[in-house]
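Everything on this sheet refers to the single structure shown next.
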Amino acid sequence: MFFKKKTVWYKLFASVEAANSQLNIGRVTTINIGKKKICLAHTSEGFFAVNDKCPHNGASLGNGHCTVEGSVVCPVHRYHFDLKTGRSKSGLGSYVEPYPLETRSDGIFIGFEEIHWDLF
Ligand code: FES
């Protein structure tokens with residue numbers, strides 16, 4: 001029996017145009033995918049997705065905002081988290097989990113790493 005990691009992709013938007021019309025540059029929002037809450041941010045570098053729960057005290061990062069430096073800012077205590085790496089930029093020794101996004105011809109997708117097992 002072997003455990004294998006596999007990325008499972010979920011469609012967020014049907015197209016880049018649909019994504020742009022629903023989330024303007026400089027905005028963040030919270031989206032639910034299954035049981036996961038995701039903070040989706042739209043910066044001048046594109047879309048980014050991180051876990052929505054702030055590791056400091058659990059606030060929803062989707063209620064915050066993003067900066068031109070590529071951070072999401074928590075709405076409660078204003079800690080900054082890098083949208084590419086998830087690392088705190090505010091001296092907090094923790095991070096939020098970043099999730100990969102992929103733009104394809106049929107839409108924008110988010111990937112979640114899941115563990116599966118095979119008998120052979
Ligand atoms: S709850 Fe997010 S910085 Fe405190």
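Chains: A, B, ... in order of the structure tokens. Residues: from 1 per chain. Ligands: from 1, in order shown.
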Margin query: Around ligand 1, out to 9 Å and counting only C-alpha atoms and all ligand atoms, which residues are there? I want them as a count of residues only.
Written below: 19
Notebook entry, point to check: Which neighbours of Glu69 of chain A fall inside 10 Å, counting only C-alpha atoms, when residues of the same chain fewer than 3 positions from it are skipped, and could you give them as a PyMOL selection string?
Noted result: chain A and resi 43-45+66+72+82-83
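Remark: for Lys84 of chain A, the closest of the candidate residues A:Ile115, A:Ile108, A:Ile38, A:Ala49 is A:Ala49 (distances computed over only C-alpha atoms).
Looking only at chain A, the set that DSSP places in helix (DSSP H, G or I) from backbone geometry is Val16, Glu17, Ala18, Ala19, Asn20, Ser21, Gln22, Leu61, Gly62 and Asn63 of chain A.
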Margin query: Can you pull out every residue from chain A that DSSP, working from the backbone, puts in strand (DSSP E), and format the result as number ranges by chain?
Written below: A: 2-13, 27-33, 36-43, 46-51, 65-66, 71-73, 80-82, 98-99, 101-104, 107-118
Check: Using only C-alpha atoms, which residues sit within 9 Å of Asp106 of chain A once same-chain residues fewer than 3 positions away are excluded, as a PyMOL selection string?
Finding: chain A and resi 11+13-15+103
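Among the candidate residues A:Gly70, A:His42, A:His65, A:Ile33, the one lying nearest to Asn20 of chain A is A:His42, with distances computed using only C-alpha atoms.
In this model, the gap between atom CA of Ile25 of chain A and atom CA of Leu12 of chain A comes to 16.6 Å.
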Next item on the list: With a distance cut-off of 9 Å and only C-alpha atoms, select the neighbouring residues of Thr29 of chain A, excluding the residue or stretch itself and same-chain residues fewer than 4 positions from it, and output the selection as a VMD selection string.
Entry: chain A and resid 23 38 to 41 52 61 to 65
Just the selected residues (N, CA and C atoms), exported as an mmCIF file, in the first residue's frame, please.
```
data_model
loop_
_atom_site.group_PDB
_atom_site.id
_atom_site.type_symbol
_atom_site.label_atom_id
_atom_site.label_comp_id
_atom_site.auth_asym_id
_atom_site.auth_seq_id
_atom_site.Cartn_x
_atom_site.Cartn_y
_atom_site.Cartn_z
ATOM 1 N N LEU A 23 -13.985 40.257 -9.470
ATOM 2 C CA LEU A 23 -13.053 40.695 -8.421
ATOM 3 C C LEU A 23 -12.056 41.675 -9.032
ATOM 4 N N ILE A 38 -11.377 29.914 1.307
ATOM 5 C CA ILE A 38 -10.217 30.415 0.586
ATOM 6 C C ILE A 38 -10.296 31.930 0.485
ATOM 7 N N CYS A 39 -9.166 32.583 0.731
ATOM 8 C CA CYS A 39 -9.058 34.014 0.479
ATOM 9 C C CYS A 39 -8.504 34.161 -0.934
ATOM 10 N N LEU A 40 -9.303 34.758 -1.801
ATOM 11 C CA LEU A 40 -8.891 34.979 -3.180
ATOM 12 C C LEU A 40 -8.556 36.456 -3.344
ATOM 13 N N ALA A 41 -7.363 36.742 -3.857
ATOM 14 C CA ALA A 41 -6.895 38.122 -4.013
ATOM 15 C C ALA A 41 -6.593 38.383 -5.479
ATOM 16 N N ASP A 52 -8.087 31.107 4.132
ATOM 17 C CA ASP A 52 -8.775 32.327 4.575
ATOM 18 C C ASP A 52 -8.566 32.633 6.052
ATOM 19 N N LEU A 61 -9.315 36.490 6.284
ATOM 20 C CA LEU A 61 -8.459 37.368 5.475
ATOM 21 C C LEU A 61 -9.219 37.940 4.283
ATOM 22 N N GLY A 62 -10.278 37.254 3.857
ATOM 23 C CA GLY A 62 -11.090 37.750 2.752
ATOM 24 C C GLY A 62 -11.835 39.033 3.077
ATOM 25 N N ASN A 63 -11.865 39.410 4.348
ATOM 26 C CA ASN A 63 -12.452 40.695 4.742
ATOM 27 C C ASN A 63 -11.403 41.793 4.824
ATOM 28 N N GLY A 64 -10.152 41.438 4.505
ATOM 29 C CA GLY A 64 -9.083 42.427 4.549
ATOM 30 C C GLY A 64 -8.893 43.092 3.205
ATOM 31 N N HIS A 65 -7.654 43.391 2.896
ATOM 32 C CA HIS A 65 -7.343 43.981 1.588
ATOM 33 C C HIS A 65 -5.960 43.520 1.162
#
```
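If only C-alpha atoms are the atoms counted, then among A:Phe81, A:Gln22, A:Lys89, A:Val96 the closest residue to Val50 of chain A is A:Val96.
A straight line drawn from atom CA of Phe112 of chain A to atom CA of Lys4 of chain A is 13.4 Å long.
Using only C-alpha atoms, the smallest distance between any of A:Ser71, A:Asn51, A:Asn32, A:Asn24 and Tyr10 of chain A comes from A:Asn32.
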Margin query: Rounded to one decimal, what separation in Å do you get between atom CA of Lys5 of chain A and atom CA of Gly46 of chain A?
Written below: 26.7 Å
